[in-house]
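**Q** mmCIF, C-alpha atoms, saved as structure34.cif, coming up:
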```cif
data_target
#
loop_
_atom_site.label_atom_id
_atom_site.label_comp_id
_atom_site.auth_asym_id
_atom_site.auth_seq_id
_atom_site.Cartn_x
_atom_site.Cartn_y
_atom_site.Cartn_z
CA MET M 1 19.06 43.02 -33.06
CA THR M 2 18.20 42.56 -36.73
CA ARG M 3 16.01 39.84 -38.24
CA ASP M 4 19.24 38.29 -39.48
CA CYS M 5 20.46 38.08 -35.90
CA GLU M 6 17.24 36.39 -34.75
CA SER M 7 17.45 33.86 -37.55
CA ILE M 8 21.14 33.23 -36.82
CA LEU M 9 20.56 32.79 -33.09
CA GLU M 10 17.93 30.14 -33.81
CA ARG M 11 20.49 28.21 -35.81
CA LEU M 12 23.39 29.01 -33.53
CA VAL M 13 22.45 26.33 -31.05
CA GLU M 14 22.61 23.80 -33.87
CA GLY M 15 25.87 25.33 -35.01
CA VAL M 16 27.57 25.06 -31.64
CA THR M 17 26.39 21.48 -31.12
CA GLY M 18 27.70 20.52 -34.54
CA LEU M 19 24.59 19.70 -36.53
CA VAL M 20 24.51 22.38 -39.20
CA PRO M 21 25.24 21.38 -42.81
CA PRO M 22 28.36 23.03 -44.27
CA ALA M 23 26.43 25.50 -46.45
CA GLU M 24 24.40 26.75 -43.51
CA ARG M 25 27.47 26.90 -41.34
CA ALA M 26 29.12 29.15 -43.91
CA ALA M 27 26.11 31.51 -43.76
CA ILE M 28 26.31 31.63 -39.95
CA LEU M 29 30.04 32.36 -40.05
CA GLU M 30 29.48 35.09 -42.63
CA HIS M 31 26.97 36.77 -40.33
CA LEU M 32 29.19 36.37 -37.28
CA ALA M 33 32.03 38.10 -39.13
CA THR M 34 29.96 41.28 -39.36
CA CYS M 35 27.95 41.15 -36.09
CA PRO M 36 29.89 41.52 -32.81
CA ARG M 37 26.81 40.82 -30.69
CA CYS M 38 26.05 37.44 -32.31
CA ARG M 39 29.76 36.67 -32.27
CA GLN M 40 29.79 37.19 -28.52
CA GLU M 41 26.66 35.00 -28.14
CA ALA M 42 28.18 32.27 -30.28
CA ALA M 43 31.46 32.32 -28.33
CA GLU M 44 29.65 31.99 -25.02
CA LEU M 45 27.45 29.15 -26.26
CA GLU M 46 30.50 27.36 -27.69
CA ALA M 47 32.27 27.70 -24.34
CA THR M 48 29.23 26.39 -22.46
CA VAL M 49 28.89 23.35 -24.71
CA ALA M 50 32.62 22.66 -24.42
CA SER M 51 32.45 22.83 -20.60
CA LEU M 52 29.44 20.52 -20.52
CA ARG M 53 31.06 17.98 -22.81
CA GLU M 54 34.32 18.21 -20.93
CA ALA M 55 32.59 17.41 -17.65
CA GLY M 56 33.31 13.76 -17.94
CA SER M 57 32.01 10.56 -19.39
CA VAL M 58 29.96 8.06 -17.42
CA THR M 59 31.79 4.94 -16.34
CA THR M 60 30.51 1.78 -14.71
CA PRO M 61 32.04 -0.19 -11.84
CA PRO M 62 34.11 -3.24 -12.86
CA GLY M 63 32.00 -6.37 -13.46
CA PHE M 64 28.82 -4.32 -13.60
CA TRP M 65 27.57 -5.55 -16.98
CA GLY M 66 27.84 -9.22 -16.07
CA GLU M 67 25.80 -8.62 -12.95
CA PHE M 68 23.37 -6.47 -14.92
CA MET M 69 22.78 -9.19 -17.53
CA ARG M 70 22.26 -11.87 -14.87
CA GLY M 71 19.74 -9.70 -13.06
CA LEU M 72 17.95 -8.86 -16.28
CA SER M 73 17.77 -12.51 -17.40
CA ALA M 74 16.28 -13.51 -14.06
CA ALA M 75 13.76 -10.67 -14.18
CA VAL M 76 12.75 -11.42 -17.77
CA ALA M 77 12.41 -15.16 -17.05
CA GLY M 78 10.05 -14.35 -14.19
CA GLU M 79 7.89 -12.13 -16.39
CA ARG M 80 4.40 -13.44 -17.10
CA LEU M 81 3.63 -12.61 -20.70
CA PRO M 82 0.02 -12.63 -21.93
CA VAL M 83 -1.23 -16.18 -22.66
CA VAL M 84 -1.72 -15.56 -26.39
CA LEU M 85 1.79 -14.18 -26.75
CA ARG M 86 3.32 -17.04 -24.75
CA LEU M 87 1.43 -19.63 -26.81
CA ARG M 88 2.46 -17.98 -30.07
CA ARG M 89 6.09 -17.79 -29.05
CA TRP M 90 6.04 -21.36 -27.77
CA LEU M 91 4.60 -22.62 -31.03
CA VAL M 92 7.23 -20.92 -33.15
CA MET M 93 10.14 -21.75 -30.86
CA PRO M 94 12.63 -23.81 -32.94
CA ARG M 95 12.97 -26.59 -30.37
CA HIS M 96 9.21 -27.05 -30.38
CA ALA M 97 8.59 -26.51 -34.07
CA TRP M 98 8.93 -30.16 -35.17
CA GLY M 99 6.93 -31.47 -32.24
CA THR M 100 4.23 -28.92 -32.91
CA ALA M 101 4.17 -29.89 -36.59
CA LEU M 102 3.81 -33.61 -35.73
CA VAL M 103 1.04 -33.01 -33.21
CA ALA M 104 -0.76 -30.74 -35.69
CA ALA M 105 -0.43 -33.37 -38.44
CA ALA M 106 -1.75 -36.14 -36.16
CA ALA M 107 -4.68 -34.01 -35.06
CA ALA M 108 -5.49 -33.12 -38.66
CA ALA M 109 -5.37 -36.80 -39.71
CA MET M 110 -7.70 -37.76 -36.87
CA VAL M 111 -10.20 -35.06 -37.78
CA ILE M 112 -10.12 -36.02 -41.46
CA SER M 113 -10.61 -39.75 -40.75
CA THR M 114 -13.59 -39.19 -38.46
CA ALA M 115 -15.21 -36.64 -40.70
CA ARG M 116 -14.52 -38.60 -43.95
CA PRO M 117 -17.70 -39.19 -45.99
CA PRO M 118 -18.56 -42.91 -46.71
CA LEU M 119 -17.16 -44.29 -49.97
CA ARG M 120 -20.63 -45.38 -51.15
CA PRO M 121 -23.75 -43.46 -50.34
CA GLU M 122 -26.06 -45.33 -48.02
CA THR M 123 -28.98 -47.07 -49.79
CA PRO M 124 -32.17 -45.35 -48.85
CA PRO M 125 -34.56 -47.62 -46.95
CA ASP M 126 -36.96 -49.48 -49.18
CA PRO M 127 -40.42 -48.36 -48.16
CA THR M 128 -42.11 -51.41 -49.77
CA ARG M 129 -39.81 -53.76 -47.87
CA ALA M 130 -40.42 -51.94 -44.63
CA THR M 131 -44.15 -52.01 -45.19
CA ALA M 132 -44.13 -55.70 -46.10
CA ARG M 133 -42.01 -56.62 -43.12
CA GLY M 134 -44.19 -54.44 -40.96
CA LEU M 135 -47.19 -56.60 -41.81
CA LEU M 136 -45.64 -59.66 -40.16
CA THR M 137 -46.43 -60.00 -36.48
CA GLU M 138 -44.01 -61.72 -34.13
CA THR M 139 -46.32 -64.72 -33.86
CA MET M 140 -46.49 -65.06 -37.66
CA ALA M 141 -42.72 -64.86 -37.95
CA THR M 142 -42.27 -67.50 -35.23
CA THR M 143 -44.82 -69.96 -36.56
CA LEU M 144 -43.92 -69.50 -40.20
CA PRO M 145 -40.23 -68.61 -40.27
CA SER M 146 -40.05 -68.69 -44.03
CA LEU M 147 -43.05 -66.37 -44.50
CA GLY M 148 -41.03 -63.17 -44.47
CA GLU M 149 -38.54 -64.57 -46.92
CA MET M 150 -41.24 -65.81 -49.22
CA LEU M 151 -42.95 -62.44 -49.09
CA ASP M 152 -39.66 -60.76 -50.08
CA ILE M 153 -39.14 -63.12 -53.01
CA TRP M 154 -42.69 -62.58 -54.16
CA ARG M 155 -42.37 -58.83 -54.01
CA ALA M 156 -39.00 -58.89 -55.76
CA GLY M 157 -40.64 -60.58 -58.68
CA LEU M 158 -43.35 -57.97 -58.95
CA VAL M 159 -41.51 -54.75 -58.15
CA THR M 160 -38.86 -53.26 -60.38
CA GLU M 161 -35.88 -51.74 -58.67
CA GLY M 162 -36.54 -48.34 -57.13
CA GLU M 163 -40.29 -48.46 -57.89
CA PRO M 164 -42.62 -48.24 -54.91
CA LEU M 165 -44.93 -51.13 -54.21
CA GLU M 166 -48.04 -48.96 -54.50
CA ALA M 167 -47.13 -48.04 -58.09
CA THR M 168 -46.80 -51.73 -59.02
CA GLU M 169 -50.05 -52.66 -57.35
CA ARG M 170 -51.91 -49.97 -59.28
CA ARG M 171 -50.41 -51.14 -62.56
CA PRO M 172 -53.09 -52.72 -64.78
CA MET K 173 21.37 -0.36 -44.32
CA LEU K 174 17.84 0.64 -43.42
CA HIS K 175 14.59 -1.22 -44.01
CA TYR K 176 11.10 0.13 -44.10
CA GLY K 177 9.26 -0.60 -40.87
CA GLU K 178 5.58 -1.38 -40.48
CA GLY K 179 4.81 2.08 -39.16
CA GLY K 180 6.75 4.14 -41.67
CA ALA K 181 10.25 4.45 -40.19
CA TRP K 182 13.44 3.12 -41.67
CA LEU K 183 14.67 0.41 -39.37
CA ASN K 184 18.31 -0.47 -39.08
CA ALA K 185 18.79 -3.82 -40.90
CA GLU K 186 20.56 -5.42 -37.96
CA ASP K 187 17.85 -4.33 -35.55
CA LEU K 188 15.18 -5.55 -37.94
CA GLN K 189 16.79 -9.00 -38.08
CA LEU K 190 17.03 -9.14 -34.31
CA LEU K 191 13.42 -8.03 -33.99
CA GLU K 192 12.22 -10.72 -36.39
CA ALA K 193 14.29 -13.37 -34.61
CA PHE K 194 12.81 -12.29 -31.28
CA ARG K 195 9.32 -12.56 -32.76
CA ARG K 196 10.18 -16.10 -33.87
CA GLY K 197 10.93 -16.87 -30.24
CA GLU K 198 14.71 -16.53 -30.16
CA GLU K 199 15.47 -15.07 -26.75
CA SER K 200 19.11 -14.58 -27.75
CA ALA K 201 17.98 -11.84 -30.17
CA PHE K 202 16.74 -9.83 -27.21
CA THR K 203 20.05 -10.36 -25.41
CA ALA K 204 21.86 -9.03 -28.48
CA LEU K 205 19.70 -5.91 -28.47
CA VAL K 206 20.41 -5.38 -24.77
CA ILE K 207 24.16 -5.69 -25.31
CA LYS K 208 23.96 -3.27 -28.22
CA TYR K 209 22.05 -0.51 -26.42
CA ARG K 210 22.63 -1.03 -22.70
CA GLU K 211 25.48 1.48 -22.37
CA GLY K 212 23.62 4.33 -24.02
CA ILE K 213 20.53 3.63 -21.93
CA TYR K 214 22.58 3.44 -18.74
CA ARG K 215 24.42 6.70 -19.53
CA VAL K 216 21.18 8.60 -20.11
CA ALA K 217 19.67 7.17 -16.92
CA ARG K 218 22.81 8.00 -14.96
CA ARG K 219 22.83 11.59 -16.16
CA LEU K 220 19.13 12.02 -15.49
CA LEU K 221 19.07 10.30 -12.12
CA GLY K 222 22.51 11.28 -10.87
CA ASN K 223 23.72 8.04 -9.29
CA HIS K 224 24.77 4.54 -10.28
CA GLU K 225 22.24 2.53 -8.27
CA ASP K 226 19.15 4.33 -9.56
CA ALA K 227 20.55 4.36 -13.10
CA SER K 228 21.24 0.62 -12.95
CA ASP K 229 17.71 -0.11 -11.70
CA ALA K 230 16.23 2.19 -14.34
CA ALA K 231 18.23 0.60 -17.17
CA GLN K 232 17.10 -2.84 -16.07
CA GLU K 233 13.49 -1.71 -15.87
CA VAL K 234 13.76 -0.19 -19.36
CA PHE K 235 14.80 -3.54 -20.81
CA ILE K 236 12.15 -5.45 -18.86
CA ARG K 237 9.52 -3.13 -20.32
CA ALA K 238 11.08 -3.46 -23.75
CA HIS K 239 11.01 -7.26 -23.50
CA ARG K 240 7.33 -7.11 -22.62
CA ALA K 241 6.47 -4.86 -25.58
CA LEU K 242 9.08 -5.72 -28.22
CA ALA K 243 6.95 -8.34 -30.00
CA ARG K 244 4.37 -5.60 -30.61
CA PHE K 245 6.97 -2.96 -31.63
CA ASP K 246 5.49 -1.31 -34.73
CA GLY K 247 8.69 0.04 -36.28
CA ARG K 248 7.47 3.64 -36.31
CA ALA K 249 10.83 4.65 -34.82
CA GLN K 250 14.29 3.18 -34.52
CA ILE K 251 14.58 0.67 -31.71
CA TYR K 252 17.09 2.86 -29.90
CA THR K 253 14.78 5.90 -30.17
CA TRP K 254 12.03 3.78 -28.64
CA LEU K 255 14.37 2.60 -25.88
CA TYR K 256 15.49 6.17 -25.14
CA ARG K 257 11.86 7.24 -24.95
CA ILE K 258 11.15 4.54 -22.37
CA THR K 259 14.29 5.59 -20.48
CA VAL K 260 13.49 9.30 -20.42
CA ASN K 261 9.87 8.72 -19.34
CA LEU K 262 10.94 6.28 -16.65
CA CYS K 263 13.68 8.57 -15.33
CA LEU K 264 11.44 11.64 -15.30
CA ASP K 265 8.81 9.62 -13.38
CA THR K 266 11.44 8.32 -10.98
CA ARG K 267 12.84 11.80 -10.43
CA GLY K 268 9.35 13.06 -9.76
CA ARG K 269 8.83 10.33 -7.15
CA ILE K 270 12.15 10.90 -5.42
CA ALA K 271 12.07 14.68 -5.68
CA ARG K 272 12.36 14.90 -1.90
CA MET K 273 15.75 13.20 -2.12
CA PRO K 274 18.95 15.17 -2.85
CA LEU K 275 19.12 16.06 -6.53
CA LEU K 276 22.66 14.91 -6.97
CA ASP K 277 25.17 12.61 -5.44
CA ASP K 278 28.39 14.59 -5.82
CA GLY K 279 30.58 11.60 -5.04
CA GLU K 280 28.97 9.66 -7.86
CA LEU K 281 29.47 12.43 -10.36
CA LEU K 282 33.05 13.02 -9.37
CA ARG K 283 33.78 9.44 -10.25
CA ASP K 284 32.82 10.28 -13.84
CA VAL K 285 35.18 13.21 -14.30
CA PRO K 286 38.32 12.18 -16.13
CA ALA K 287 41.29 13.11 -13.98
CA PRO K 288 43.64 15.65 -15.59
CA GLU K 289 47.39 15.45 -15.07
CA GLY K 290 48.72 16.97 -11.86
CA ILE K 291 47.19 17.51 -8.45
CA ALA K 292 46.13 21.12 -9.04
CA GLU K 293 44.53 20.32 -12.40
CA GLN K 294 42.88 17.27 -10.91
CA ALA K 295 41.35 19.33 -8.13
CA GLU K 296 40.22 21.95 -10.61
CA GLY K 297 38.78 19.32 -12.91
CA ARG K 298 36.81 17.80 -10.06
CA GLU K 299 35.49 21.19 -9.07
CA VAL K 300 34.46 22.04 -12.63
CA GLY K 301 32.81 18.64 -12.98
CA ARG K 302 30.88 19.24 -9.78
CA VAL K 303 29.71 22.71 -10.89
CA VAL K 304 28.71 21.50 -14.35
CA ALA K 305 26.84 18.51 -12.92
CA ARG K 306 24.98 20.74 -10.48
CA ALA K 307 24.12 23.20 -13.24
CA VAL K 308 22.72 20.42 -15.46
CA ASN K 309 20.78 18.94 -12.56
CA ALA K 310 19.27 22.31 -11.74
CA LEU K 311 17.58 22.46 -15.15
CA PRO K 312 13.89 21.57 -15.41
CA PRO K 313 13.55 17.80 -16.11
CA ARG K 314 12.61 18.03 -19.78
CA GLN K 315 15.33 20.59 -20.51
CA ARG K 316 17.83 18.35 -18.76
CA ALA K 317 16.69 15.35 -20.80
CA MET K 318 17.13 17.27 -24.06
CA VAL K 319 20.60 18.53 -23.08
CA VAL K 320 21.66 14.98 -22.16
CA LEU K 321 20.30 13.48 -25.38
CA ARG K 322 21.89 16.14 -27.59
CA LEU K 323 25.22 16.89 -25.91
CA TYR K 324 26.07 13.51 -24.43
CA GLN K 325 24.27 11.01 -26.68
CA ASP K 326 24.71 13.13 -29.81
CA LEU K 327 21.20 12.42 -31.06
CA PRO K 328 19.82 14.60 -33.89
CA TYR K 329 17.08 17.08 -33.02
CA GLN K 330 14.50 15.12 -35.00
CA GLU K 331 15.02 12.03 -32.86
CA ILE K 332 15.07 14.04 -29.65
CA ALA K 333 11.72 15.49 -30.72
CA SER K 334 10.39 11.97 -31.29
CA ILE K 335 11.66 10.82 -27.89
CA MET K 336 10.29 13.84 -26.05
CA GLY K 337 7.01 13.85 -27.95
CA CYS K 338 7.26 17.42 -29.23
CA SER K 339 8.25 19.29 -32.37
CA GLU K 340 11.81 19.78 -33.56
CA GLY K 341 11.34 23.54 -33.19
CA THR K 342 10.40 23.08 -29.53
CA VAL K 343 13.55 21.05 -28.95
CA LYS K 344 15.74 23.73 -30.56
CA ALA K 345 14.10 26.53 -28.59
CA THR K 346 14.35 24.54 -25.35
CA MET K 347 17.99 23.71 -26.01
CA PHE K 348 18.75 27.37 -26.66
CA ALA K 349 17.07 28.37 -23.39
CA ALA K 350 18.86 25.58 -21.49
CA LEU K 351 22.28 26.52 -22.89
CA ARG K 352 21.77 30.19 -21.98
CA LYS K 353 20.77 29.21 -18.46
CA LEU K 354 23.77 26.90 -18.15
CA ARG K 355 26.08 29.58 -19.48
CA ARG K 356 24.88 32.03 -16.79
CA THR K 357 25.32 29.42 -14.05
CA LEU K 358 28.79 28.42 -15.22
CA THR K 359 29.90 32.02 -15.70
CA ASP K 360 28.67 32.91 -12.20
CA ALA K 361 30.60 29.95 -10.82
CA GLY K 362 33.74 31.11 -12.65
CA VAL K 363 34.00 28.10 -14.92
CA ARG K 364 36.21 28.80 -17.91
CA ALA K 365 35.91 27.01 -21.20
CA PRO K 366 38.40 24.16 -21.54
#
```
If you took the structure in this file and wrote it as structure tokens, what would it be?

**A**
Amino acid sequence: MTRDCESILERLVEGVTGLVPPAERAAILEHLATCPRCRQEAAELEATVASLREAGSVTTPPGFWGEFMRGLSAAVAGERLPVVLRLRRWLVMPRHAWGTALVAAAAAAMVISTARPPLRPETPPDPTRATARGLLTETMATTLPSLGEMLDIWRAGLVTEGEPLEATERRP
Amino acid sequence: MLHYGEGGAWLNAEDLQLLEAFRRGEESAFTALVIKYREGIYRVARRLLGNHEDASDAAQEVFIRAHRALARFDGRAQIYTWLYRITVNLCLDTRGRIARMPLLDDGELLRDVPAPEGIAEQAEGREVGRVVARAVNALPPRQRAMVVLRLYQDLPYQEIASIMGCSEGTVKATMFAALRKLRRTLTDAGVRAP
């Protein structure tokens, strides 16, 4: 057996099963024309493949595919897919898509409305006012109801807006 | 028309559309894939397992497994290559588990042989079918799978290699060995080429 024969035998199996490109097939045939041993091998392989292919095609009993599909649908419906996958598929399912979009929009609106910052920033507590009010006892406020108000008016006249009381008091 | 898959393979456009529809949640896309490939899957299972009942169960199990994993299918192979791989692995496992059972149900196989004209030819055809089926079933499991995929499903060597998880060269060498073995068996049994 020559190296040519070895190379041809490797490709012969492709040749007899019909997968060799025309150019390669021509090279195989050229070799077979001059080599009785490879010719014999090729003929036997061809005959084997023909016998195997001739040995019948697979058929199914009548009505089999209908039964098969019913069984498969039932089995697939009973399958428990992973939670993440089921959730993902449920969310993108066309019959749920609009409902999902509405629920998502409502949830987003609720989150935005609760987390919305106030339109005006809250006024920081006036320390002078707190201090002044803190000086009034409950008894004083009860006996002299207008005292707190008077104190506020008095302070408003002395203190400029945003300036602490202490600063005003120290002013010469 | 082929489209580039996520993993590097060229996916058939129709399969790609069905895959995307399935990922969007359309169950009918899966049904379409089943209808498209069920016969090929069943035929391979039938030839590897030797009888209708086991082949039917195996084909159903293949599609159940495919349904479970299809959303994560990475497109590194054609969908049918992937389905054949599941089928071959499942059938080889099943055959391993039921190895104590008879290798072949002759009655089942005879049903597959097309009946030639005439009583004598019919009888001869049945006998040849029986001998060929026995010879194929006597091959080692992986050799048998490769012979089935190449000779009966007409798959290219490259795809058989992908299904069997080996190199193309290994498939060719295995096929050559399998065909020589089959030739000896058929010659010994007096089977003539058609």

**Q** If the PyMOL selection byres ((chain K) within 8 of (chain M)) were run on this exact file, what residues would it hold? Put them as an NGL selection string.

**A** :K and (195-198 or 215 or 218 or 224 or 228 or 232 or 235-236 or 239-240 or 283-286 or 300-301 or 304-305 or 322-324 or 328 or 344-345 or 347-348 or 351-352 or 354-355 or 358 or 363-366)

**Q** What is the atom CA of K:Phe202 to atom CA of K:Leu255 distance in Å?

**A** 12.7 Å

**Q** For atom CA of K:Arg257 and atom CA of K:Leu205, determine how far apart the two atoms are, in Å to one decimal place.

**A**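 So the two atoms, atom CA of K:Arg257 and atom CA of K:Leu205, lie 15.7 Å apart.
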
**Q** Please provide the set of residues having any atom within 10 Å of K:Ile335, restricted to only C-alpha atoms, with same-chain residues fewer than 5 positions apart removed, written as a VMD selection string.

**A** chain K and resid 249 252 to 261 317 to 318 321 329 to 330

**Q** Which value, in Å to one decimal, gives the distance between atom CA of K:Val308 and atom CA of K:Gln325?

**A** 14.7 Å

**Q** Compile the contact shell of M:Leu32 as a short mmCIF file (atom, residue, chain, number, x, y, z; two decimals) with C-alpha atoms, keeping the file's coordinate frame: residues with an atom at most 10 Å away, counting only C-alpha atoms, same-chain residues fewer than 6 positions apart removed.

**A**
```
data_model
loop_
_atom_site.label_atom_id
_atom_site.label_comp_id
_atom_site.auth_asym_id
_atom_site.auth_seq_id
_atom_site.Cartn_x
_atom_site.Cartn_y
_atom_site.Cartn_z
CA CYS M 5 20.46 38.08 -35.90
CA ILE M 8 21.14 33.23 -36.82
CA ALA M 26 29.12 29.15 -43.91
CA CYS M 38 26.05 37.44 -32.31
CA ARG M 39 29.76 36.67 -32.27
CA GLN M 40 29.79 37.19 -28.52
CA GLU M 41 26.66 35.00 -28.14
CA ALA M 42 28.18 32.27 -30.28
#
```

**Q** Please, what is the axis-aligned box for every listed atom of stretch 182-197 of chain K with 4 Å on each side, as centre and edge lengths in Å to one decimal, as lines of an AutoDock Vina configuration file?

**A**
```
center_x = 14.9
center_y = -6.9
center_z = -36.0
size_x = 19.2
size_y = 28.0
size_z = 19.4
```

**Q** In terms of the shortest atom-to-atom distance over only C-alpha atoms, which of K:Ala307, K:Arg219, K:Ile332, K:Glu199 is closest to K:Arg356?

**A**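 With only C-alpha atoms as the atom set, the closest residue is K:Ala307.
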
**Q** When the PyMOL selection byres ((chain K and resi 309) around 12) is applied to the file above, which residues end up in the set, as a ChimeraX atom specification?

**A** /M:52 /K:218-223,267,271,274-278,281,302-308,310-317,319-320,350,353-354,357
